[in-house]
Number of protein chains: 2
Amino acid sequence: MKGNAVYKRSYNGCLAICGSLPLGAEMPSENELSQSLAVSRTTIRTVMTGLEAAGILRREGGARRLSRRPAPGDAFPDTQTLSTSATVERRFLEWILDGHIGPGHLLTAAELARQFGTSTTIIREHLPHFQHFGLIERRPNSAWLFKGVTPAFANEIYEVREMFELRAARSFIDLPDDSGSWRRMRTIEAEHRALLASIDTDYGLFPDLDERLHRTVHETADNRFIKDFYDIISMLFHYNAQWDAEDEKQRTFTALTEHLAYIEALLRRDLKAIDRACRQHLKTARSNLLRSIELRMKVPQAPDVSPA
Amino acid sequence: MKGNAVYKRSYNGCLAICGSLPLGAEMPSENELSQSLAVSRTTIRTVMTGLEAAGILRREGGARRLSRRPAPGDAFPDTQTLSTSATVERRFLEWILDGHIGPGHLLTAAELARQFGTSTTIIREHLPHFQHFGLIERRPNSAWLFKGVTPAFANEIYEVREMFELRAARSFIDLPDDSGSWRRMRTIEAEHRALLASIDTDYGLFPDLDERLHRTVHETADNRFIKDFYDIISMLFHYNAQWDAEDEKQRTFTALTEHLAYIEALLRRDLKAIDRACRQHLKTARSNLLRSIELRMKVPQAPDVSPA
DNA sequence: CCCTTGCGTTTTATATACAAAAGACAAACT
DNA sequence: AGTTTGTCTTTTGTATATAAAACGCAAGGG
């Protein structure tokens with residue numbers, strides 16, 4: 001009734017620790033393991049039992065020792081280490097953003113549960129979350145209305161994003177000199193320059209860097225609602241990146257350049273330049289998003305039908 | 001397993017319709033009733049059966065006629081017309097905002113379910129909602145952290161509220177002359193003047209008027225995230241009004257005056273004056289909220305202990 | 001033909017069941 | 001005294017059960 005993804009994830013984590021240990025060495029204490037993997041000691045104990053049963057560990061009095069080197073096949077596959085809930089969230093978003101349904105479509109919890117092979121409980125847990133994202137609208141005692149990933153959606157998101165990011169960026173210059181944010185920002189700047197140098201091969205690393213930059217800026221606003229909103233942006237980008245592979249390198253180059261102007265303005269505490277660079281970057285980002293949404297809307301509902 | 005609050009609410013609704021009908025008159029069709037009460041025809045049919053059993057209606061061929069005048073005792077009490085979910089939401093918020101627990105307190109779904117006499121299902125449905133309100137924080141596989149109704153909470157809300165309301169107010173002046181918003185705003189202005197005239201007796205009507213004004217402004221921004229955020233504000237005000245009865249008349253007077261300046265500026269399409277009036281009003285509102293939060297924080301955890 | 005009612009099917013709201021994970025406490029071991 | 005482990009209790013994540021409500025179709029009536 002409850003999956004054991006936590007167990008499997010922890011099992012793989014312990015396996016990795018085993019791998020870094022010499023044969024016959026003693027495992028860290030249950031407490032240490034539970035701390036480093038951020039799970040309860042109960043789970044660690046279950047994992048230890050499993051590792052003993054697999055012949056990877058053996059008990060010697062109180063302690064556990066590595067009795068054989070773990071092989072790659074010992075680990076659980078990654079697909080099993082995510083909770084049902086997390087899996088459904090991911091698959092649901094992919095399905096929505098992939099454009100399989102259009103604006104105005106009605107979503108029923110029962111049907112979604114069948115489609116994703118889970119119980120309605122999980123579905124009903126996630127629907128309010130997607131409502132928070134602005135993707136669907138609730139109609140009590142009835143189905144949910146899908147509002148669509150439309151240009152309006154993108155514009156509304158960006159209207160708020162611009163307000164929030166500008167506000168946060170402005171608050172950046174008020175940070176005390178000894179704030180850790182300055183150091184973090186300088187690191188991010190260096191990473192941008194490094195990525196720019198190796199862009200031909202490494203442009204795939206950009207999304208992560210992008211997220212770190214914007215989160216660093218948003219952090220300084222110290223406002224839970226602003227931070228929370230960035231989760232929506234982040235989700236949108238994560239999945240948008242998957243559809244929109246075209247021109248990725250060129251767009252990454254532009255974004256890196258714009259980011260650097262923004263970062264330099266932040267580090268110089270130059271309010272005017274911050275505003276200018278921030279607006280410029282968001283403008284570019286917005287039109288990229290709009291473009292990819294509009295492309296997607298032109299595609300017929302079932303994109304794998306042979307074209308005329 | 002599922003309460004029948006919808007039935008009871010609809011029953012009371014039909015009862016009210018019966019009350020406005022002369023004896024022996026024919027009831028509206030099932031379809032009309034279901035439309036006007038916004039429930040399914042299935043529910044209407046069940047209600048009709050109930051009304052027949054209570055001797056209020058009688059069947060005559062296809063139609064139903066009023067056979068006796070409904071008495072006050074025929075209606076279900078209001079407490080039974082709210083769904084479990086709605087009841088729990090209200091009670092939970094009252095409990096939180098009443099200051100029964102302090103920041104840092106851990107909330108467990110199991111305990112809350114016991115406390116409110118429902119299943120964990122309902123509690124688990126609501127906790128993410130309060131997270132969206134910024135009141136609690138999730139810790140996976142474990143209890144929820146209550147962040148508290150603190151000055152920081154109020155300040156963060158107001159920082160966002162100010163951005164949103166100013167943005168919306170500015171977009172007001174771009175409305176076309178024939179937009180319904182102008183008419184609505186003029187009505188709201190008239191209501192303000194009327195309330196100002198009868199303030200001594202009617203100040204209790206202010207919260208509703210306040211909500212209508214701000215919603216009318218927010219509507220014009222035409223942004224789902226901005227509208228959505230106003231729900232948080234609205235919730236906070238609704239419950240805050242309940243704690244903070246002190247000086248209510250005086251505060252209402254101030255708010256009405258500030259609102260009128262704001263409304264006049266909006267109707268004149270005077271951007272400068274809008275900004276000024278809006279900021280002034282939000283400043284007052286913020287300090288009222290902060291004052292009442294700070295008062296509350298000074299009170300010991302159990303406020304009914306006899307004072308020194 | 002459109003609207004009405006009757007009736008069977010599906011979906012929603014809520015409670016409950018139960019394995020997995022977390023938490024708590026005491027005995028054992030430094 | 002502070003860890004470490006063994007054991008027991010509670011809570012969480014997820015599926016399932018079931019009454020209430022919504023939905024949809026067919027037949028009848030103006």
# chains A, B, ... in the order shown; residues from 1 in each chain; ligands from 1
>>> select_by_dssp(residues="range 128-171 of chain A", states="strand (DSSP E)", output="PyMOL selection string")
chain A and resi 136-137+144-146
>>> interface_residues(of="chain B", to="chain A", cutoff="7 Å", atoms="only C-alpha atoms", output="NGL selection string")
:B and (125 or 134 or 156 or 223-224)
>>> write_last_selection(atoms="C-alpha atoms", output="mmCIF file, in the first residue's frame")
data_model
loop_
_atom_site.group_PDB
_atom_site.id
_atom_site.type_symbol
_atom_site.label_atom_id
_atom_site.label_comp_id
_atom_site.auth_asym_id
_atom_site.auth_seq_id
_atom_site.Cartn_x
_atom_site.Cartn_y
_atom_site.Cartn_z
ATOM 1 C CA GLU B 125 -5.828 17.686 1.385
ATOM 2 C CA GLY B 134 2.957 30.654 3.486
ATOM 3 C CA GLU B 156 6.213 39.532 3.037
ATOM 4 C CA ASN B 223 -3.494 37.883 -14.368
ATOM 5 C CA ARG B 224 -4.364 34.584 -12.703
#
>>> residues_around(residues="Asp74 in chain B", least_positions_apart="4", cutoff="10 Å", atoms="only C-alpha atoms (C1' of nucleotides)", output="MDAnalysis selection string")
chainID B and resid 11:12 15 51 54 56 70
>>> write_last_selection(atoms="C-alpha atoms", output="CSV table (one decimal), in the first residue's frame")
chain,number,residue,atom,x,y,z
B,11,TYR,CA,-32.8,21.5,0.3
B,12,ASN,CA,-32.7,24.9,2.1
B,15,LEU,CA,-37.3,25.7,0.7
B,51,LEU,CA,-39.8,17.9,0.2
B,54,ALA,CA,-42.0,16.4,4.4
B,56,ILE,CA,-44.3,20.5,1.5
B,70,PRO,CA,-42.6,25.8,4.7
>>> closest_atom_pairs(of="chain D", to="chain A", cutoff="8 Å", atoms="only C-alpha atoms (C1' of nucleotides)", output="CSV")
residue,atom,partner,partner_atom,distance
D:DT4,C1',A:Ser29,CA,7.4
D:DT5,C1',A:Gly62,CA,7.8
D:DG13,C1',A:Lys2,CA,5.3
D:DT14,C1',A:Lys2,CA,5.0
D:DA15,C1',A:Met1,CA,5.7
D:DA21,C1',A:Asn141,CA,7.2
D:DA22,C1',A:Ser142,CA,6.9
>>> interface_residues(of="chain C", to="chain B", cutoff="8 Å", atoms="only C-alpha atoms (C1' of nucleotides)", output="ChimeraX atom specification")
/C:4-5,13-15,21-22
>>> write_last_selection(atoms="C-alpha atoms (C1' of nucleotides)", output="mmCIF file, in the first residue's frame")
data_model
loop_
_atom_site.group_PDB
_atom_site.id
_atom_site.type_symbol
_atom_site.label_atom_id
_atom_site.label_comp_id
_atom_site.auth_asym_id
_atom_site.auth_seq_id
_atom_site.Cartn_x
_atom_site.Cartn_y
_atom_site.Cartn_z
ATOM 1 C "C1'" DT C 4 -38.943 17.422 -19.377
ATOM 2 C "C1'" DT C 5 -38.524 13.410 -16.453
ATOM 3 C "C1'" DA C 13 -15.842 13.314 -1.404
ATOM 4 C "C1'" DT C 14 -14.543 11.111 2.571
ATOM 5 C "C1'" DA C 15 -13.231 7.264 5.612
ATOM 6 C "C1'" DA C 21 9.054 4.999 7.262
ATOM 7 C "C1'" DA C 22 9.746 7.814 11.272
#
>>> residues_around(residues="His214 in chain B", least_positions_apart="5", cutoff="12 Å", atoms="only C-alpha atoms (C1' of nucleotides)", output="mmCIF file with C-alpha atoms, in the first residue's frame")
data_model
loop_
_atom_site.group_PDB
_atom_site.id
_atom_site.type_symbol
_atom_site.label_atom_id
_atom_site.label_comp_id
_atom_site.auth_asym_id
_atom_site.auth_seq_id
_atom_site.Cartn_x
_atom_site.Cartn_y
_atom_site.Cartn_z
ATOM 1 C CA ARG B 161 0.439 42.921 -2.264
ATOM 2 C CA GLU B 162 1.838 46.377 -2.895
ATOM 3 C CA PHE B 164 0.358 43.609 -7.346
ATOM 4 C CA GLU B 165 -2.118 46.241 -6.348
ATOM 5 C CA LEU B 166 -0.061 49.075 -7.814
ATOM 6 C CA ALA B 168 -3.376 46.441 -11.213
ATOM 7 C CA ALA B 169 -4.338 49.987 -10.324
ATOM 8 C CA PHE B 172 -7.070 50.440 -14.558
ATOM 9 C CA SER B 181 -15.283 48.109 -14.455
ATOM 10 C CA ARG B 184 -18.786 48.843 -11.010
ATOM 11 C CA MET B 185 -16.281 51.275 -9.573
ATOM 12 C CA ILE B 188 -18.578 50.980 -5.185
ATOM 13 C CA PRO B 207 -15.115 44.136 5.024
ATOM 14 C CA ASP B 208 -17.364 42.998 2.207
ATOM 15 C CA LEU B 209 -17.117 46.368 0.478
ATOM 16 C CA GLU B 219 -9.613 41.932 -11.964
ATOM 17 C CA THR B 220 -8.281 44.492 -14.381
ATOM 18 C CA ALA B 221 -4.765 43.150 -14.162
ATOM 19 C CA ILE B 226 -2.345 38.227 -9.103
ATOM 20 C CA LYS B 227 -5.961 37.196 -8.577
ATOM 21 C CA PHE B 229 -2.698 35.935 -4.473
ATOM 22 C CA TYR B 230 -5.590 38.091 -3.448
ATOM 23 C CA ASP B 231 -7.214 34.971 -2.014
ATOM 24 C CA ILE B 233 -4.952 38.473 1.491
ATOM 25 C CA SER B 234 -8.645 37.921 1.672
ATOM 26 C CA HIS B 259 -10.557 54.260 -0.297
ATOM 27 C CA TYR B 262 -8.107 55.956 -4.203
ATOM 28 C CA ILE B 263 -11.391 55.491 -6.060
ATOM 29 C CA CYS B 278 -2.815 53.290 -3.147
ATOM 30 C CA HIS B 281 -3.896 52.966 1.960
ATOM 31 C CA LEU B 282 -1.676 49.910 1.896
#
>>> residues_around(residues="Asp200 in chain B", least_positions_apart="5", cutoff="12 Å", atoms="only C-alpha atoms (C1' of nucleotides)", output="list in words")
Ala194, Leu195, Leu205, Phe206, Glu248, Lys249, Gln250, Thr252 and Phe253 of chain B
>>> write_last_selection(atoms="C-alpha atoms", output="mmCIF file, in the first residue's frame")
data_model
loop_
_atom_site.group_PDB
_atom_site.id
_atom_site.type_symbol
_atom_site.label_atom_id
_atom_site.label_comp_id
_atom_site.auth_asym_id
_atom_site.auth_seq_id
_atom_site.Cartn_x
_atom_site.Cartn_y
_atom_site.Cartn_z
ATOM 1 C CA ALA B 194 -23.479 55.648 1.837
ATOM 2 C CA LEU B 195 -21.509 53.653 4.381
ATOM 3 C CA LEU B 205 -20.551 45.996 6.374
ATOM 4 C CA PHE B 206 -17.128 47.358 5.487
ATOM 5 C CA GLU B 248 -12.906 48.958 14.489
ATOM 6 C CA LYS B 249 -15.109 51.946 13.850
ATOM 7 C CA GLN B 250 -12.221 54.373 13.790
ATOM 8 C CA THR B 252 -13.167 51.712 9.193
ATOM 9 C CA PHE B 253 -13.556 55.454 8.982
#
>>> residues_around(residues="Phe130 in chain A", least_positions_apart="5", cutoff="10 Å", atoms="only C-alpha atoms (C1' of nucleotides)", output="mmCIF file with N, CA and C atoms, in the first residue's frame")
data_model
loop_
_atom_site.group_PDB
_atom_site.id
_atom_site.type_symbol
_atom_site.label_atom_id
_atom_site.label_comp_id
_atom_site.auth_asym_id
_atom_site.auth_seq_id
_atom_site.Cartn_x
_atom_site.Cartn_y
_atom_site.Cartn_z
ATOM 1 N N GLU A 89 3.688 13.204 -10.711
ATOM 2 C CA GLU A 89 3.850 14.637 -10.962
ATOM 3 C C GLU A 89 4.630 14.872 -12.239
ATOM 4 N N PHE A 92 2.662 13.651 -15.343
ATOM 5 C CA PHE A 92 1.515 14.512 -15.612
ATOM 6 C C PHE A 92 1.979 15.797 -16.291
ATOM 7 N N LEU A 93 3.011 16.415 -15.759
ATOM 8 C CA LEU A 93 3.511 17.656 -16.349
ATOM 9 C C LEU A 93 4.007 17.428 -17.767
ATOM 10 N N GLU A 125 -4.243 14.548 -4.889
ATOM 11 C CA GLU A 125 -3.219 15.281 -4.154
ATOM 12 C C GLU A 125 -2.508 16.273 -5.069
ATOM 13 N N LEU A 135 -2.308 26.183 -14.223
ATOM 14 C CA LEU A 135 -2.586 25.363 -15.399
ATOM 15 C C LEU A 135 -4.023 24.871 -15.454
ATOM 16 N N ILE A 136 -4.623 24.672 -14.298
ATOM 17 C CA ILE A 136 -5.987 24.145 -14.276
ATOM 18 C C ILE A 136 -6.829 24.939 -13.288
ATOM 19 N N GLU A 137 -8.132 24.745 -13.396
ATOM 20 C CA GLU A 137 -9.049 25.487 -12.550
ATOM 21 C C GLU A 137 -10.042 24.514 -11.979
ATOM 22 N N PHE A 146 -8.777 22.389 -17.809
ATOM 23 C CA PHE A 146 -7.405 22.671 -18.222
ATOM 24 C C PHE A 146 -7.371 24.006 -18.959
ATOM 25 N N ILE A 232 7.412 27.817 -9.860
ATOM 26 C CA ILE A 232 6.589 27.673 -11.057
ATOM 27 C C ILE A 232 7.438 27.928 -12.299
#
>>> residues_around(residues="Ala154 in chain A", least_positions_apart="5", cutoff="8 Å", atoms="only C-alpha atoms (C1' of nucleotides)", output="NGL selection string")
:A and (149 or 286 or 289-290)
>>> atom_distance(atom1="CA of Arg291 in chain A", atom2="CA of Gly102 in chain A")
17.3 Å
>>> select_by_dssp(residues="range 113-306 of chain A", states="alpha helix (DSSP H)", output="PyMOL selection string")
chain A and resi 113-116+120-132+151-172+180-197+199-202+206-221+224-243+248-268+271-298
>>> write_last_selection(atoms="C-alpha atoms", output="short mmCIF file (atom, residue, chain, number, x, y, z; two decimals), in the first residue's frame")
data_model
loop_
_atom_site.label_atom_id
_atom_site.label_comp_id
_atom_site.auth_asym_id
_atom_site.auth_seq_id
_atom_site.Cartn_x
_atom_site.Cartn_y
_atom_site.Cartn_z
CA ALA A 113 -5.81 7.74 -12.17
CA ARG A 114 -6.49 5.07 -14.78
CA GLN A 115 -4.22 6.73 -17.29
CA PHE A 116 -1.27 6.93 -14.91
CA THR A 120 -7.28 8.69 -7.28
CA THR A 121 -5.71 9.64 -3.96
CA ILE A 122 -2.45 10.56 -5.62
CA ILE A 123 -4.17 12.39 -8.45
CA ARG A 124 -6.33 14.36 -6.07
CA GLU A 125 -3.22 15.28 -4.15
CA HIS A 126 -1.58 16.76 -7.23
CA LEU A 127 -4.40 18.60 -8.94
CA PRO A 128 -4.39 21.51 -6.48
CA HIS A 129 -0.68 21.80 -7.07
CA PHE A 130 -1.20 22.30 -10.78
CA GLN A 131 -3.91 24.76 -9.98
CA HIS A 132 -1.31 26.73 -8.06
CA PRO A 151 0.57 32.71 -24.74
CA ALA A 152 -1.65 34.23 -22.05
CA PHE A 153 -0.18 31.80 -19.52
CA ALA A 154 3.34 32.79 -20.51
CA ASN A 155 2.55 36.49 -20.39
CA GLU A 156 0.93 36.32 -16.99
CA ILE A 157 3.84 34.36 -15.59
CA TYR A 158 6.31 36.81 -17.03
CA GLU A 159 4.43 39.83 -15.79
CA VAL A 160 4.83 38.54 -12.26
CA ARG A 161 8.30 37.24 -12.82
CA GLU A 162 9.47 40.62 -13.97
CA MET A 163 8.06 42.35 -10.91
CA PHE A 164 9.62 39.81 -8.59
CA GLU A 165 13.00 39.58 -10.22
CA LEU A 166 13.41 43.34 -10.46
CA ARG A 167 12.45 43.72 -6.84
CA ALA A 168 14.88 41.02 -5.77
CA ALA A 169 17.68 42.38 -7.95
CA ARG A 170 17.25 45.82 -6.45
CA SER A 171 17.44 44.42 -2.97
CA PHE A 172 20.73 42.77 -3.94
CA GLY A 180 27.59 35.09 1.33
CA SER A 181 25.57 36.11 -1.71
CA TRP A 182 28.46 38.14 -3.11
CA ARG A 183 30.77 35.19 -3.02
CA ARG A 184 28.15 32.92 -4.53
CA MET A 185 27.50 35.47 -7.27
CA ARG A 186 31.19 35.69 -8.10
CA THR A 187 31.35 31.92 -8.34
CA ILE A 188 28.38 31.96 -10.67
CA GLU A 189 30.06 34.61 -12.76
CA ALA A 190 33.16 32.46 -13.11
CA GLU A 191 31.03 29.50 -14.10
CA HIS A 192 29.38 31.60 -16.77
CA ARG A 193 32.74 32.54 -18.23
CA ALA A 194 33.88 28.94 -18.14
CA LEU A 195 30.71 27.76 -19.85
CA LEU A 196 31.05 30.46 -22.47
CA ALA A 197 34.52 29.14 -23.26
CA ILE A 199 29.91 26.31 -25.03
CA ASP A 200 30.20 24.05 -28.09
CA THR A 201 30.25 20.94 -25.98
CA ASP A 202 28.80 21.98 -22.62
CA PHE A 206 23.28 25.88 -18.82
CA PRO A 207 19.81 25.22 -17.33
CA ASP A 208 21.29 24.30 -13.97
CA LEU A 209 23.48 27.40 -13.94
CA ASP A 210 20.53 29.55 -14.95
CA GLU A 211 18.49 28.24 -12.07
CA ARG A 212 21.28 28.88 -9.60
CA LEU A 213 21.70 32.48 -10.76
CA HIS A 214 18.04 33.33 -10.51
CA ARG A 215 17.60 31.54 -7.19
CA THR A 216 20.56 33.44 -5.78
CA VAL A 217 18.91 36.68 -6.79
CA HIS A 218 15.50 35.64 -5.47
CA GLU A 219 16.99 34.52 -2.17
CA THR A 220 17.95 38.06 -1.33
CA ALA A 221 14.37 39.26 -1.51
CA ARG A 224 8.50 33.27 0.82
CA PHE A 225 5.98 34.22 -1.86
CA ILE A 226 8.63 35.37 -4.27
CA LYS A 227 10.68 32.22 -3.72
CA ASP A 228 7.62 30.06 -4.03
CA PHE A 229 6.73 31.66 -7.34
CA TYR A 230 10.12 30.82 -8.72
CA ASP A 231 9.20 27.17 -8.37
CA ILE A 232 6.59 27.67 -11.06
CA ILE A 233 9.07 29.34 -13.36
CA SER A 234 11.53 26.61 -12.69
CA MET A 235 9.06 23.87 -13.52
CA LEU A 236 8.08 25.61 -16.71
CA PHE A 237 11.67 25.96 -17.82
CA HIS A 238 12.59 22.47 -16.95
CA TYR A 239 9.92 21.00 -19.16
CA ASN A 240 10.07 23.67 -21.80
CA ALA A 241 13.73 22.89 -22.33
CA GLN A 242 12.69 19.38 -23.26
CA TRP A 243 10.40 20.40 -26.10
CA GLU A 248 19.56 25.67 -28.15
CA LYS A 249 23.21 26.53 -28.53
CA GLN A 250 22.52 29.95 -29.99
CA ARG A 251 19.96 30.74 -27.31
CA THR A 252 22.35 29.60 -24.62
CA PHE A 253 24.99 31.91 -25.97
CA THR A 254 22.62 34.87 -25.89
CA ALA A 255 21.45 34.01 -22.39
CA LEU A 256 25.01 33.68 -21.10
CA THR A 257 25.91 37.05 -22.52
CA GLU A 258 22.83 38.67 -21.02
CA HIS A 259 23.45 36.97 -17.71
CA LEU A 260 26.99 38.29 -17.60
CA ALA A 261 25.81 41.85 -18.14
CA TYR A 262 23.26 41.30 -15.36
CA ILE A 263 25.80 39.75 -12.99
CA GLU A 264 28.34 42.48 -13.60
CA ALA A 265 25.71 45.12 -12.89
CA LEU A 266 24.77 43.33 -9.67
CA LEU A 267 28.39 43.06 -8.54
CA ARG A 268 28.97 46.74 -9.34
CA LEU A 271 21.03 50.08 -10.04
CA LYS A 272 20.42 51.52 -13.49
CA ALA A 273 22.44 48.82 -15.20
CA ILE A 274 20.76 46.12 -13.13
CA ASP A 275 17.34 47.29 -14.24
CA ARG A 276 18.41 47.48 -17.83
CA ALA A 277 20.14 44.09 -17.93
CA CYS A 278 17.38 42.36 -16.00
CA ARG A 279 14.62 43.69 -18.23
CA GLN A 280 16.58 42.84 -21.34
CA HIS A 281 17.18 39.28 -20.22
CA LEU A 282 13.58 38.69 -19.20
CA LYS A 283 12.38 40.12 -22.47
CA THR A 284 14.50 37.65 -24.40
CA ALA A 285 13.45 34.78 -22.18
CA ARG A 286 9.80 35.66 -22.54
CA SER A 287 9.93 35.75 -26.29
CA ASN A 288 11.75 32.43 -26.39
CA LEU A 289 9.00 30.92 -24.30
CA LEU A 290 6.27 32.50 -26.39
CA ARG A 291 7.86 31.32 -29.57
CA SER A 292 8.03 27.76 -28.40
CA ILE A 293 4.46 27.86 -27.13
CA GLU A 294 3.19 29.24 -30.39
CA LEU A 295 5.09 26.64 -32.38
CA ARG A 296 3.52 23.98 -30.23
CA MET A 297 0.01 25.33 -30.64
CA LYS A 298 0.30 25.14 -34.40
#
>>> atom_distance(atom1="CA of Ser67 in chain B", atom2="C1' of DG6 in chain C")
23.3 Å
>>> decode(residues="range 180-205 of chain A", atoms="C-alpha atoms", output="JSON list (two decimals), in the first residue's frame")
[["chain", "number", "residue", "atom", "x", "y", "z"],
["A", 180, "GLY", "CA", 27.59, 35.09, 1.33],
["A", 181, "SER", "CA", 25.57, 36.11, -1.71],
["A", 182, "TRP", "CA", 28.46, 38.14, -3.11],
["A", 183, "ARG", "CA", 30.77, 35.19, -3.02],
["A", 184, "ARG", "CA", 28.15, 32.92, -4.53],
["A", 185, "MET", "CA", 27.50, 35.47, -7.27],
["A", 186, "ARG", "CA", 31.19, 35.69, -8.10],
["A", 187, "THR", "CA", 31.35, 31.92, -8.34],
["A", 188, "ILE", "CA", 28.38, 31.96, -10.67],
["A", 189, "GLU", "CA", 30.06, 34.61, -12.76],
["A", 190, "ALA", "CA", 33.16, 32.46, -13.11],
["A", 191, "GLU", "CA", 31.03, 29.50, -14.10],
["A", 192, "HIS", "CA", 29.38, 31.60, -16.77],
["A", 193, "ARG", "CA", 32.74, 32.54, -18.23],
["A", 194, "ALA", "CA", 33.88, 28.94, -18.14],
["A", 195, "LEU", "CA", 30.71, 27.76, -19.85],
["A", 196, "LEU", "CA", 31.05, 30.46, -22.47],
["A", 197, "ALA", "CA", 34.52, 29.14, -23.26],
["A", 198, "SER", "CA", 33.37, 25.55, -23.71],
["A", 199, "ILE", "CA", 29.91, 26.31, -25.03],
["A", 200, "ASP", "CA", 30.20, 24.05, -28.09],
["A", 201, "THR", "CA", 30.25, 20.94, -25.98],
["A", 202, "ASP", "CA", 28.80, 21.98, -22.62],
["A", 203, "TYR", "CA", 25.75, 24.09, -23.40],
["A", 204, "GLY", "CA", 23.62, 21.36, -21.85],
["A", 205, "LEU", "CA", 24.91, 22.49, -18.46]]
